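Report on one structure; see the data block that follows.
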Amino acid sequence: MSELLQFLFSGLTVGAVYALVALGFTIIYNASDVVNFAQGEFVMLGGMITWFAYQAGLPLPLAALVAILATAALGVTLNKLAIEPARGAPVVSLIIITIGASVFIQGAAQQVFDKQIHSFPAFSGDTPLRVLEATIQPQSLWVIGGALVVFVGLWLFFTRTLIGRAVLATSNNRLAAQLVGINTNFVMTLSFALSAGIGALAGVLATPITLTAYNVGIGFALKGFAGAMLGGMGNPKGALVGGFLIGLIEALTAGYLSSTYKEAVAFVVILLVLFFMPQGLFGSKSTERV
Amino acid sequence: MTLLSIEGLGIAFGGIKAVHDVSLKVDPGEIVSIIGPNGAGKTTLFNMISGIYQPDSGCVLLEGEDVTGMAPFRLASRGMSRTFQNLQIFQNMTVLENAIAGFHLQERGAVLADLLHLPSSRRRARAAEAGARALLARVGLERAADREAGSLSYGSLKRLEIARALALRPKVLLLDEPAAGCNAVETEEIDQLIAEVAASGVAILLVEHDMKLVMRISSHVVVLDQGEKIAEGAPAEVSRDPAVIAAYLGSEEAAHADG
Amino acid sequence: SAEIKIGASVSATGPAAFLGDPEAKTLEMLVEEINAKGGINGEKIELVLYDDGGDPNKARTFATRLIENDEVQAIIGGSTTGTSMSILSVAEDAEIPFISLAGAIDIVQPVKPYTFKTPHTDRMACQKIFEDMQKRGIETIGMISGTDGFGASMQAQCKDVAGEYGIKIAADETYDPKDADMTAQLTKIRNTEGVQAVLNPGFGQGPAIVTRNYRQLGIELPLYQSHGVASDGFIELAGKDAVEGVRLPGTALLVADLLAEDDPQKPVVMAYKTAYEERHNEPVSTFGGYAHDGFALLVDALTRAGSAEPEAIRDALEATSALVGTTGVYTMSAEDHLGLDLSAFRMLEVKGGTWSLVE
Amino acid sequence: MLTVEGLRSRYGRIEVLHGIDLHVDSGEIVTVVGANGAGKTTLLRCLSGVQPLSSGTITFRGEPLHLVPAYRRLARGLAHSPEGRQIFTNLTVEENLRLGAFLYTDERVEKDMDDAFQMFPILKEKRNLVAGGLSGGQQQMLAMARALMGRPFCLLLDEPSMGLAPIVVQQIFEVISGLKALGVTVLLVEQNAFGALKIADRGYVMETGRITMQGPSEELISNPRIREAYLGL
Amino acid sequence: MPRLSAKSATLLVLAALVVVSPLFFPSGYYYRVGALIFVNGLAVTGIVILTGYAGQISLGHAGFAGIGGYACALAPVHLGLPPALAAVLGVLISGALAYLVGRPILRLKGYYLAVATLGFGILVSMVLNNERQLTGGPDGIIVPDLGLRGLLKDWGLNISNGEFWYFFCGIALLIGAWIALNLRQSPTGRALRALHGSEIAAQTVGIDVARLKLQAFVISAVYASVAGSLLALQNKFITPDVAGFMHSIEMVTMAVLGGAGSVLGAILGAGVLTLLPQVLTVFAEFEQLVLGLVMMLMMIFLREGLLPSLLRKLRGRDE
Ligand SMILES: Nc1ncnc2c1ncn2[C@@H]1O[C@H](COP(=O)(O)OP(=O)(O)OP(=O)(O)O)[C@@H](O)[C@H]1O
Ligand SMILES: Nc1ncnc2c1ncn2[C@@H]1O[C@H](COP(=O)(O)OP(=O)(O)OP(=O)(O)O)[C@@H](O)[C@H]1O
Ligand SMILES: [Mg+2]
Ligand SMILES: [Mg+2]
């Protein structure tokens with residue numbers, strides 16, 4: 001029993017990180033149909049910038065804020081310099097651009113920062129919380145809480161605000177979006193800023209647990225992508241559930257079956273789900289009549 | 001034996017009956033038109049006949065055989081061909097290649113022969129190309145043959161679809177609003193083309209809102225409204241039916257209006 | 001020119017940057033140092049350095065390039081076992097001496113004429129740890145290993161050699177190097193009957209996270225880490241509280257200050273440590289030490305050979321005797337192209353937030 | 001209201017509009033007829049800004065329009081109901097209409113929506129359904145309704161009657177005529193040339209990227225060449 | 001003058017490159033780079049068939065390269081097969097696996113297909129990494145010599161190892177390109193491109209979409225497998241990296257960068273991305289940075305890929 005609880009805590013902690021990354025994917029995807037493979041780098045930057053600012057003497061909350069804002073600004077720059085000029089290019093080309101951006105950011109990070117692994121103190125100390133016989137780090141609660149807050153925020157954004165609707169409209173039909181007066185460039189800028197900001201937030205919250213280094217981005221991107229697809233790309237609910245599910249599957253597999261093949265089990269589950277639900281758990285089928 | 005007969009076909013989307021208990025028959029050489037208000041279920045009916053939707057009830061008989069819910073590509077090899085209301089063009093290919101694609105069933109062969117470029121593969125491809133060029137000429141697109149299909153205007157694309165559908169040498173041809181986007185003169189050309197095809201012994205099922213066209217070439221007209229058949233008969237008969245006028249035509253002149 | 005050309009291919013970026021980055025920095029520094037002193041036998045050394053990113057395929061290409069295009073006289077490098085295996089086959093074909101910086105014993109066993117290596121093997125690390133366990137009366141342990149090359153190779157070696165020390169591995173878990181939480185695996189180990197200690201082969205952030213999770217779960221059993229994390233950075237990452245009491249086999253480099261004054265390694269490690277830390281403003285690591293030793297071996301051989309002919313270098317390398325490096329004291333022979341024994345390792349323990357020697 | 005001078009436009013290297021001159025006065029209904037591929041759609045796309053000009057000017061309500069980005073043109077009062085409908089297929093009917101009024105947040109939005117539902121009752125029935133599931137004709141109605149939600153001074157319509165049942169075609173033409181009473185100017189591209197000319201004040205004939213004829217509707221309807229080439233009479 | 005067909009032109013250009021380039025090679029190292037380009041070119045040609053023609057994305061093709069490579073390492077040891085036959089075995093296993101895996105996952109579209117193939121690739125690389133007893137684990141395993149060079153020597157043809165693999169891979173690439181080009185203009189190739197354009201329309205003209213996608217998937221898997229075998233045989237050593245996610249990404253990137261729809265383009269892409277790291281060693285520290293930048297710039301300014309965009313620009317100037 002306590003064992004199960006411990007596995008669940010482990011799964012929730014890791015799952016929350018995946019969920020945060022997956023949530024970051026949804027916005028840019030919703031605005032442009034592009035899966036931004038540089039999303040993981042935003043997470044890395046969130047952690048690395050915070051660490052450096054913190055080392056430089058800023059108080060941790062301020063350092064985190066700096067990191068989130070700087071990363072958001074970088075997201076906007078990426079959009080302006082790389083995505084916007086390539087408008088009209090096929091989606092695969094855009095994907096390659098984001099992969100290129102990911103390689104570039106990683107290359108820049110190892111120059112600007114360093115190649116060491118870093119961490120900064122957990123927000124509420126390191127004393128584990130005891131629940132029944134199991135324990136959980138206070139920082140895990142921060143990450144889980146962060147994932148939930150971001151989810152609620154995004155969900156409200158997409159369902160309750162006109163600008164959120166405009167984001168969806170832009171990806172659904174860019175031409176029509178312009179015709180109804182939506183500044184699609186602004187929508188893209190906003191999406192990149194938000195997406196990068198959320199990515200950085202993930203990095204800030206997760207680093208005390210996962211540690212950070214210039215090359216951690218790709219790992220986050222991969223798991224976040226898998227989580228987002230499992231839940232159904234573009235849907236915040238899907239991203240949240242997908243991320244947590246992958247975390248839980250991994251932890252339970254590691255606990256009860258085999259830690260070696262825990263990722264294998266996660267991917268097998270993804271394959272099975274997609275076999276029966278080709279749009280993921282919550283993905284909506286796009287309706288195109290013929 | 002009837003070539004195509006549909007019995008009691010029905011389907012619902014999220015509880016709403018889009019088509020309910022519709023039956024009809026088409027014989028070789030016949031042109032049966034389906035008319036009805038927007039959302040009456042005409043396209044949905046086509047989608048069920050051609051295997052794109054699985055009907056909830058009823059069946060489709062092709063040459064007496066039950067083909068309900070059969071995959072579209074199998075239906076194609078049994079002689080069914082169609083065009084779409086929402087254009088389905090191979091945007092990444094040239095106009096000629098689009099037309100050649102229609103010859104797929106005639107030109108396909110062993111994959112290995114294709115990979116190794118064996119003479120048999122070349123022969124098949126050549127025959128298909130010649131056929132495709134002839135068809136493009138028939139719909140007036142011969143000059144556009146080498147253009148990318150994506151660069152054609154709407155009306156031209158509509159005709160390209162017809163050419164592609166004819167390439168299958170179908171026994172049954174389903175045309176969904178073939179004249180949409182064409183002006184009166186262009187419509188007449190299409191009109192002639194359809195009549196010719198029918199005369200060659202093809203069974204044609206036609207959905208069209210251009211009443212002039214429908215009245216002129218149909219052998220039989222079926223009227224749908226809210227998924228149900230509300231009238232059928234000879235064109236002239238149907239166009240005088242008060243229920244049809246109320247639901248669809250608006251006024252009797254509309255059926256004969258010259259516009 | 002009459003210069004001596006030395007080639008290097010290390011994994012300065014990519015997943016093994018941990019190893020390759022300090023190695024590259026060390027080589028560059030040492031070459032500069034030696035040239036400032038006038039070179040070897042009056043000849044300057046030119047270093048041609050490539051970054052293979054840990055990809056064996058790239059490493060092979062760079063090895064070819066070093067030999068065929070840059071015409072180097074010897075190669076140092078191969079941060080990982082995979083890259084080393086790639087380079088060695090090219091070097092052996094071309095009959096160019098190659099000093100590997102990777103751990104696996106397969107690199108020099110069976111002995112290949114032109115291939116040497118500096119790091120102690122994983123097996124030796126396992127042996128050192130098991131010796132220590134034996135002393136503490138530990139008989140049953142749990143293992144949690146990274147699935148990267150380093151972790152997997154050491155895991156296999158430890159499992160292989162455990163029996164010799166009468167040690168039973170009751171739980172054998174793994175984690176992916178990118179994993180963020182190992183509490184599930186550790187819980188499983190904790191709940192395994194009879195486990196008296198836990199051993200964690202791996203490098204990078206994994207061991208730091210394992211150490212933290214270990215304390216989070218309140219496991220009181222002794223925790224052994226590998227030489228993969230023998231650096232001050234590890235203490236910082238895992239957190240001073242969590243890391244207290246952790247033991248690992250490390251080289252003299254890590255405890256340079258603690259070495260006895262008469263320790264033969266003391267001057268060597270102190271010189272390297274001071275120079276490196278001054279120049280790069282980051283702590284030395286065991287891995288940089290491997291490169292240091294590889295270079296020292298080569299310089300020593302070149303000096304003795306009095307020629308830069310590959311053949312002569314090889315012969316001189318094989319005749320290396322009692323060369324003091326950071327990792328240990330090297331004595332090569334035709335049967336032994338590593339030349340280290342278990343005394344190269346020292347058992348270290350974290351006490352009061354710093355490394356200390358276990359007597 | 002709308003003046004176009006020397007407008008040229010190209011797709012890649014191929015020019016399809018070779019210098020179009022045309023004007024639409026305030027409150028007028030003007031129609032453009034032409035064969036498939038003449039360039040009618042391209043012309044409207046240039047006007048709404050989703051297709052770049054290679055030269056020429058567009059003046060709208062006294063101000064140059066060709067430098068204004070597409071998304072600002074609706075705010076200037078120019079709405080476009082494009083060819084191929086271009087509705088937001090993944091959003092609901094109601095969301096489509098709300099986005100039509102993206103620029104406005106006042107109460108009039110609700111009223112406009114009620115008007116749209118009155119004009120096309122079927123849309124009201126389907127308001128909470130995803131627009132992609134609508135039938136072709138229903139989508140066409142939605143496209144027209146969405147354009148009207150933008151409260152335009154001038155409305156560009158690309159084949160609004162396409163795919164509509166005869167009874168709705170009549171109604172659409174009535175709506176367009178009705179717009180005139182509301183002071184909305186209309187530039188109408190139609191294949192149903194006869195119907196279009198009947199409600200229009202003036203007409204242009206377009207052939208392979210050029211305007212070849214123009215004049216008051218009655219004149220065009222009675223022109224024998226047009227009767228033969230476009231009206232099929 | 002009769003106009004050269006695109007196919008003959010491509011083959012001619014490739015053949016000329018293979019034969020003429022060595023005249024300018026200053027050292028043996030260039031043969032090695034050439035051989036790598038050809039191997040990557042071969043793998044990428046498979047991607048052209050799958051992605052360029054049929055429009056299906058795979059982020060797991062390195063898995064097949066891994067199978068091809070490990071077949072050459074393991075089959076000779078465990079089954080006693082000669083290495084060349086081991087490569088054939090690799091092809092059979094890859095093909096069969098592609099068939100089995102492809103059937104369920106090719107129903108998926110776009111990113112969903114991408115994640116499913118990604119999962120497949122990760123599973124393969126995980127097995128290679130973790131089944132240490134069999135595969136040697138992450139440290140890799142030695143691959144027996146092909147033995148063909150010795151045979152050639154017996155026949156009096158004595159060429160260096162580098163030269164041998166250069167020409168051997170060059171010929172393999174030419175054959176691979178020839179097949180892919182045949183396919184493009186053939187009925188099957190047209191059908192593949194048709195389903196790329198519209199699956200529904202493809203169905204209604206009688207194309208068995210599911211089957212055809214599966215065929216494309218299997219064919220491209222075979223290409224990857226052969227490329228993996230060639231790589232393993234010439235390196236005489238293989239690690240699970242060949243099957244890794246990054247390698248899958250690399251293949252797709254090469255294809256898209258060069259122009260996924262065109263065989264020559266994709267091979268060009270393979271050339272550029274293989275050469276780039278070699279050239280960038282000058283920048284050592286900034287290698288990654290520059291690599292990322294080059295990828296972005298090429299895709300921004302040559303969005304359809306290197307070759308198609310350049311051809312378009314050239315043609316534009318003619319008129
Ligand atoms: N995939 C679907 N999802 C939801 N509703 C659908 C779907 N397909 C059809 N419908 C509904 O079924 C009804 C019939 O649509 P259909 O397209 O068959 O009409 P139609 O007669 O072809 O109309 P039109 O003349 O406008 O083309 C419509 O109300 C439509 O909303
Ligand atoms: N995307 C495109 N790329 C290249 N050429 C195009 C493109 N779109 C249209 N064209 C060409 O431009 C010309 C004008 O097309 P346009 O769509 O404006 O005609 P249209 O008058 O609206 O015809 P229709 O009545 O068929 O809709 C045609 O020759 C067409 O082939
Ligand atoms: Mg319809
Ligand atoms: Mg048009």
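Following the order of the structure tokens, chains are lettered A, B, ..., residues in each are numbered from 1, and ligands are numbered from 1.
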
Q. Any idea which chain D residues end up within 12 Å of chain E if we count only C-alpha atoms, as a ChimeraX atom specification please?
A. /D:12-14

Atoms kept (all heavy atoms) for selection, written as a short mmCIF file (atom, residue, chain, number, x, y, z; two decimals), in the first residue's frame:
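This is the output file part.cif:
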```cif
data_model
loop_
_atom_site.label_atom_id
_atom_site.label_comp_id
_atom_site.auth_asym_id
_atom_site.auth_seq_id
_atom_site.Cartn_x
_atom_site.Cartn_y
_atom_site.Cartn_z
N GLY D 12 3.35 33.50 -58.50
CA GLY D 12 4.71 33.15 -58.90
C GLY D 12 5.12 34.00 -60.08
O GLY D 12 5.09 35.23 -60.02
N ARG D 13 5.44 33.36 -61.18
CA ARG D 13 5.89 34.12 -62.34
C ARG D 13 4.77 34.44 -63.31
O ARG D 13 4.95 35.18 -64.25
CB ARG D 13 6.98 33.33 -63.08
CG ARG D 13 8.34 33.40 -62.41
CD ARG D 13 9.28 32.39 -63.02
NE ARG D 13 8.93 31.03 -62.66
CZ ARG D 13 8.59 30.08 -63.53
NH1 ARG D 13 8.57 30.32 -64.80
NH2 ARG D 13 8.28 28.87 -63.11
N ILE D 14 3.61 33.84 -63.05
CA ILE D 14 2.54 34.00 -64.04
C ILE D 14 1.59 35.10 -63.63
O ILE D 14 0.95 35.05 -62.58
CB ILE D 14 1.78 32.67 -64.21
CG1 ILE D 14 2.74 31.59 -64.67
CG2 ILE D 14 0.63 32.84 -65.19
CD1 ILE D 14 2.23 30.20 -64.48
#
```

Q. Can you tell me, as a ChimeraX atom specification, what residues are no more than 8 Å from range 277-290 of chain A when counting only C-alpha atoms, ignoring any on the same chain fewer than 6 positions away?
A. /A:229-235,237-238,242 /B:84-88 /D:89-90,130,132-135 /E:107-109,112

Q | Surroundings of ligand 1 up to 7 Å, based on only C-alpha atoms and all ligand atoms, as a count of residues only | A | 24

Q) What separation in Å, quoted to one decimal, exists between CA of Leu302 in chain E and CA of Ile95 in chain A? A) 14.0 Å

Q. Which residues form the shell of 8 Å around ligand 2 when you count only C-alpha atoms and all ligand atoms, given as a PyMOL selection string?
A. (chain B and resi 148+150-157+181-183) or (chain D and resi 10-12+14-17+34-43+83+191+206+208-209)

Q. Quick one: of B:Glu186, B:Asp176, B:Glu208, B:Asp191, who's nearest to chain A, counting only C-alpha atoms?
A. B:Asp176

Q: For range 172-177 of chain A, please output as a list in words all residues within 8 Å (counting only C-alpha atoms; exclusion window: fewer than 2 positions along the same chain).
A: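 After dropping sequence-adjacent residues, the list is Ala166, Leu168, Ala169, Thr170, Leu179, Val180, Gly181, Ile182, Asn183 and Thr184 of chain A; Val50, Tyr71, Gln86, Ile87, Phe88, Thr89 and Asn90 of chain D.
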
(Q) Select, as a PyMOL selection string, those residues of chain B with any atom no more than 7 Å from chain E (distances computed using only C-alpha atoms). (A) chain B and resi 72-74+76-77+81-82+88-92+101-102+104-105+107-108+111+114-117+121+125+168

Q: Could you pull out the residues in range 29-273 of chain A that DSSP calls strand (DSSP E or B) from the backbone, as a PyMOL selection string?
A: chain A and resi 118+129-131+134-136+212

Would you save the residues from that selection as a CSV table (one decimal), in the first residue's frame, using N, CA, C and O atoms?
```csv
chain,number,residue,atom,x,y,z
A,118,HIS,N,23.5,21.9,-13.2
A,118,HIS,CA,23.2,22.9,-12.1
A,118,HIS,C,21.9,22.6,-11.5
A,118,HIS,O,21.0,21.9,-12.0
A,129,LEU,N,7.7,15.5,2.7
A,129,LEU,CA,6.5,15.4,3.4
A,129,LEU,C,6.1,13.9,3.5
A,129,LEU,O,6.2,13.2,2.6
A,130,ARG,N,5.6,13.6,4.7
A,130,ARG,CA,5.2,12.2,4.9
A,130,ARG,C,3.7,12.0,4.8
A,130,ARG,O,2.9,12.7,5.4
A,131,VAL,N,3.3,11.1,3.9
A,131,VAL,CA,1.9,10.8,3.8
A,131,VAL,C,1.8,9.3,4.0
A,131,VAL,O,2.3,8.6,3.2
A,134,ALA,N,4.5,6.9,2.8
A,134,ALA,CA,5.3,7.4,1.7
A,134,ALA,C,5.7,8.8,1.9
A,134,ALA,O,5.2,9.5,2.8
A,135,THR,N,6.7,9.2,1.1
A,135,THR,CA,7.2,10.6,1.2
A,135,THR,C,7.1,11.3,-0.2
A,135,THR,O,7.2,10.7,-1.2
A,136,ILE,N,7.0,12.6,-0.1
A,136,ILE,CA,7.1,13.4,-1.3
A,136,ILE,C,7.8,14.7,-1.0
A,136,ILE,O,7.7,15.3,0.1
A,212,THR,N,19.4,20.7,-14.1
A,212,THR,CA,19.4,21.2,-15.5
A,212,THR,C,20.8,21.3,-16.0
A,212,THR,O,21.8,21.4,-15.3
```

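Closest approach to ligand 3 from the set B:Arg240, B:His209, B:Arg126, B:Lys229 is made by B:His209, with distances taken over only C-alpha atoms and all ligand atoms.
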
Q) Any idea what the distance is between CA of Ala63 in chain A and CA of Ile49 in chain A? A)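 Going from CA of Ala63 in chain A over to CA of Ile49 in chain A covers 7.6 Å.
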
For chain C, list the residues within 7 Å of chain A, counting only C-alpha atoms, and write the list as a short mmCIF file (atom, residue, chain, number, x, y, z; two decimals) with all heavy atoms, in the first residue's frame.
```cif
data_model
loop_
_atom_site.label_atom_id
_atom_site.label_comp_id
_atom_site.auth_asym_id
_atom_site.auth_seq_id
_atom_site.Cartn_x
_atom_site.Cartn_y
_atom_site.Cartn_z
N GLU C 173 18.13 -2.65 -10.31
CA GLU C 173 17.24 -1.70 -11.00
C GLU C 173 18.04 -0.80 -11.92
O GLU C 173 19.27 -0.69 -11.78
CB GLU C 173 16.50 -0.85 -9.97
CG GLU C 173 15.61 -1.64 -9.03
CD GLU C 173 14.45 -2.28 -9.78
OE1 GLU C 173 13.90 -1.63 -10.69
OE2 GLU C 173 14.10 -3.43 -9.46
N THR C 174 17.36 -0.16 -12.85
CA THR C 174 18.03 0.81 -13.72
C THR C 174 17.20 2.07 -13.85
O THR C 174 16.04 2.11 -13.48
CB THR C 174 18.24 0.25 -15.13
OG1 THR C 174 16.96 0.01 -15.70
CG2 THR C 174 19.06 -1.03 -15.13
N TYR C 175 17.82 3.08 -14.36
CA TYR C 175 17.08 4.31 -14.69
C TYR C 175 17.68 4.89 -15.96
O TYR C 175 18.84 4.62 -16.29
CB TYR C 175 17.16 5.33 -13.55
CG TYR C 175 18.58 5.73 -13.19
CD1 TYR C 175 19.23 6.74 -13.89
CD2 TYR C 175 19.27 5.07 -12.17
CE1 TYR C 175 20.53 7.08 -13.59
CE2 TYR C 175 20.57 5.41 -11.88
CZ TYR C 175 21.20 6.41 -12.58
OH TYR C 175 22.50 6.75 -12.30
N LYS C 178 18.09 10.42 -18.31
CA LYS C 178 17.32 11.66 -18.29
C LYS C 178 16.19 11.63 -17.26
O LYS C 178 15.43 12.57 -17.14
CB LYS C 178 16.71 11.93 -19.67
CG LYS C 178 17.76 12.21 -20.72
CD LYS C 178 17.08 12.69 -22.00
CE LYS C 178 17.97 12.46 -23.20
NZ LYS C 178 17.91 11.08 -23.70
N ALA C 180 13.90 11.86 -13.97
CA ALA C 180 13.83 12.92 -12.98
C ALA C 180 13.55 12.41 -11.58
O ALA C 180 13.63 13.15 -10.62
CB ALA C 180 12.75 13.92 -13.38
N ASP C 181 13.16 11.17 -11.49
CA ASP C 181 12.78 10.67 -10.17
C ASP C 181 13.03 9.17 -10.12
O ASP C 181 12.57 8.44 -10.98
CB ASP C 181 11.30 10.97 -9.92
CG ASP C 181 10.88 10.61 -8.50
OD1 ASP C 181 10.71 9.40 -8.23
OD2 ASP C 181 10.74 11.53 -7.68
N THR C 183 12.48 7.37 -7.15
CA THR C 183 11.94 6.84 -5.89
C THR C 183 11.29 5.48 -6.09
O THR C 183 11.32 4.64 -5.20
CB THR C 183 10.94 7.81 -5.24
OG1 THR C 183 9.99 8.20 -6.22
CG2 THR C 183 11.62 9.02 -4.67
N ALA C 184 10.71 5.26 -7.29
CA ALA C 184 10.06 3.98 -7.51
C ALA C 184 11.07 2.84 -7.41
O ALA C 184 10.88 1.86 -6.69
CB ALA C 184 9.36 3.96 -8.86
N GLN C 185 12.19 3.00 -8.13
CA GLN C 185 13.21 1.96 -8.10
C GLN C 185 13.77 1.78 -6.70
O GLN C 185 13.98 0.66 -6.22
CB GLN C 185 14.36 2.30 -9.06
CG GLN C 185 14.00 2.24 -10.54
CD GLN C 185 13.58 3.59 -11.08
OE1 GLN C 185 12.81 4.31 -10.45
NE2 GLN C 185 14.07 3.94 -12.25
N THR C 187 12.40 2.48 -3.85
CA THR C 187 11.42 1.87 -2.97
C THR C 187 11.46 0.35 -3.12
O THR C 187 11.43 -0.41 -2.15
CB THR C 187 10.01 2.36 -3.32
OG1 THR C 187 10.00 3.78 -3.26
CG2 THR C 187 8.98 1.80 -2.35
N LYS C 188 11.54 -0.04 -4.38
CA LYS C 188 11.60 -1.48 -4.66
C LYS C 188 12.84 -2.10 -4.00
O LYS C 188 12.77 -3.16 -3.39
CB LYS C 188 11.67 -1.67 -6.17
CG LYS C 188 10.90 -2.88 -6.63
CD LYS C 188 10.84 -2.87 -8.15
CE LYS C 188 10.81 -4.28 -8.69
NZ LYS C 188 10.91 -4.30 -10.15
N GLN C 205 23.47 13.64 -14.09
CA GLN C 205 22.59 14.04 -12.99
C GLN C 205 21.95 12.85 -12.28
O GLN C 205 21.49 12.99 -11.16
CB GLN C 205 21.51 15.02 -13.46
CG GLN C 205 20.57 14.52 -14.54
CD GLN C 205 20.97 15.06 -15.90
OE1 GLN C 205 22.12 14.95 -16.30
NE2 GLN C 205 20.03 15.64 -16.60
N GLN C 216 15.27 11.28 0.65
CA GLN C 216 13.84 11.59 0.73
C GLN C 216 13.08 10.39 1.28
O GLN C 216 12.17 10.53 2.10
CB GLN C 216 13.30 11.95 -0.67
CG GLN C 216 11.79 12.14 -0.72
CD GLN C 216 11.26 12.05 -2.14
OE1 GLN C 216 11.97 12.31 -3.09
NE2 GLN C 216 9.99 11.69 -2.27
N LEU C 217 13.47 9.19 0.83
CA LEU C 217 12.79 7.99 1.28
C LEU C 217 13.26 7.57 2.66
O LEU C 217 12.75 6.61 3.23
CB LEU C 217 13.03 6.85 0.29
CG LEU C 217 12.39 7.04 -1.07
CD1 LEU C 217 12.81 5.93 -2.02
CD2 LEU C 217 10.87 7.08 -0.95
N LEU C 237 25.34 19.20 -6.22
CA LEU C 237 24.09 18.85 -6.90
C LEU C 237 23.18 18.01 -6.03
O LEU C 237 21.97 18.22 -5.98
CB LEU C 237 24.39 18.06 -8.18
CG LEU C 237 24.80 18.89 -9.36
CD1 LEU C 237 25.10 17.97 -10.54
CD2 LEU C 237 23.71 19.87 -9.74
#
```

Q) Do you know which residues are at most 8 Å from Ala22 in chain A counting only C-alpha atoms, after dropping those on the same chain fewer than 4 positions away, and could you put them as a PyMOL selection string? A) chain A and resi 18+26+224-225+227-228+239-240+243

Q: May I have the residues within 12 Å of Ile194 in chain B as a PyMOL selection string, using only C-alpha atoms and disregarding those fewer than 4 positions away in the same chain?
A: chain B and resi 29-33+138-139+159+162-163+165-166+173-175+178-179+187-190+198-206+213-214+216-218

Q.
List as a VMD selection string the protein and nucleic acid residues near range 297-313 of chain C, meaning an atom at most 10 Å away when only C-alpha atoms are counted, but skip any in the same chain fewer than 4 places from it.
A. chain C and resid 2 to 6 31 34 39 to 43 45 72 to 76 94 to 99 114 116 to 118 291 to 293 317 to 321 323 to 325 330

Q. Between D:Leu22, D:Met162, D:Leu99, D:Ala70, which is the closest to ligand 3 once you count only C-alpha atoms and all ligand atoms?
A.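 Nearest to ligand 3: D:Met162.
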
Q) Got a sec: who's within 12 Å of Val20 in chain E, counting only C-alpha atoms, leaving out chain neighbours fewer than 6 positions off, as a PyMOL selection string? A) chain E and resi 12-14+34+167+170

**Q.** Given only C-alpha atoms as the counted atoms, nearest of C:Ile219, C:Ala252, C:Ala91, C:Ala316 to Ser343 in chain C
**A.**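 When distances to Ser343 in chain C are compared using only C-alpha atoms, the smallest one comes from C:Ala252.
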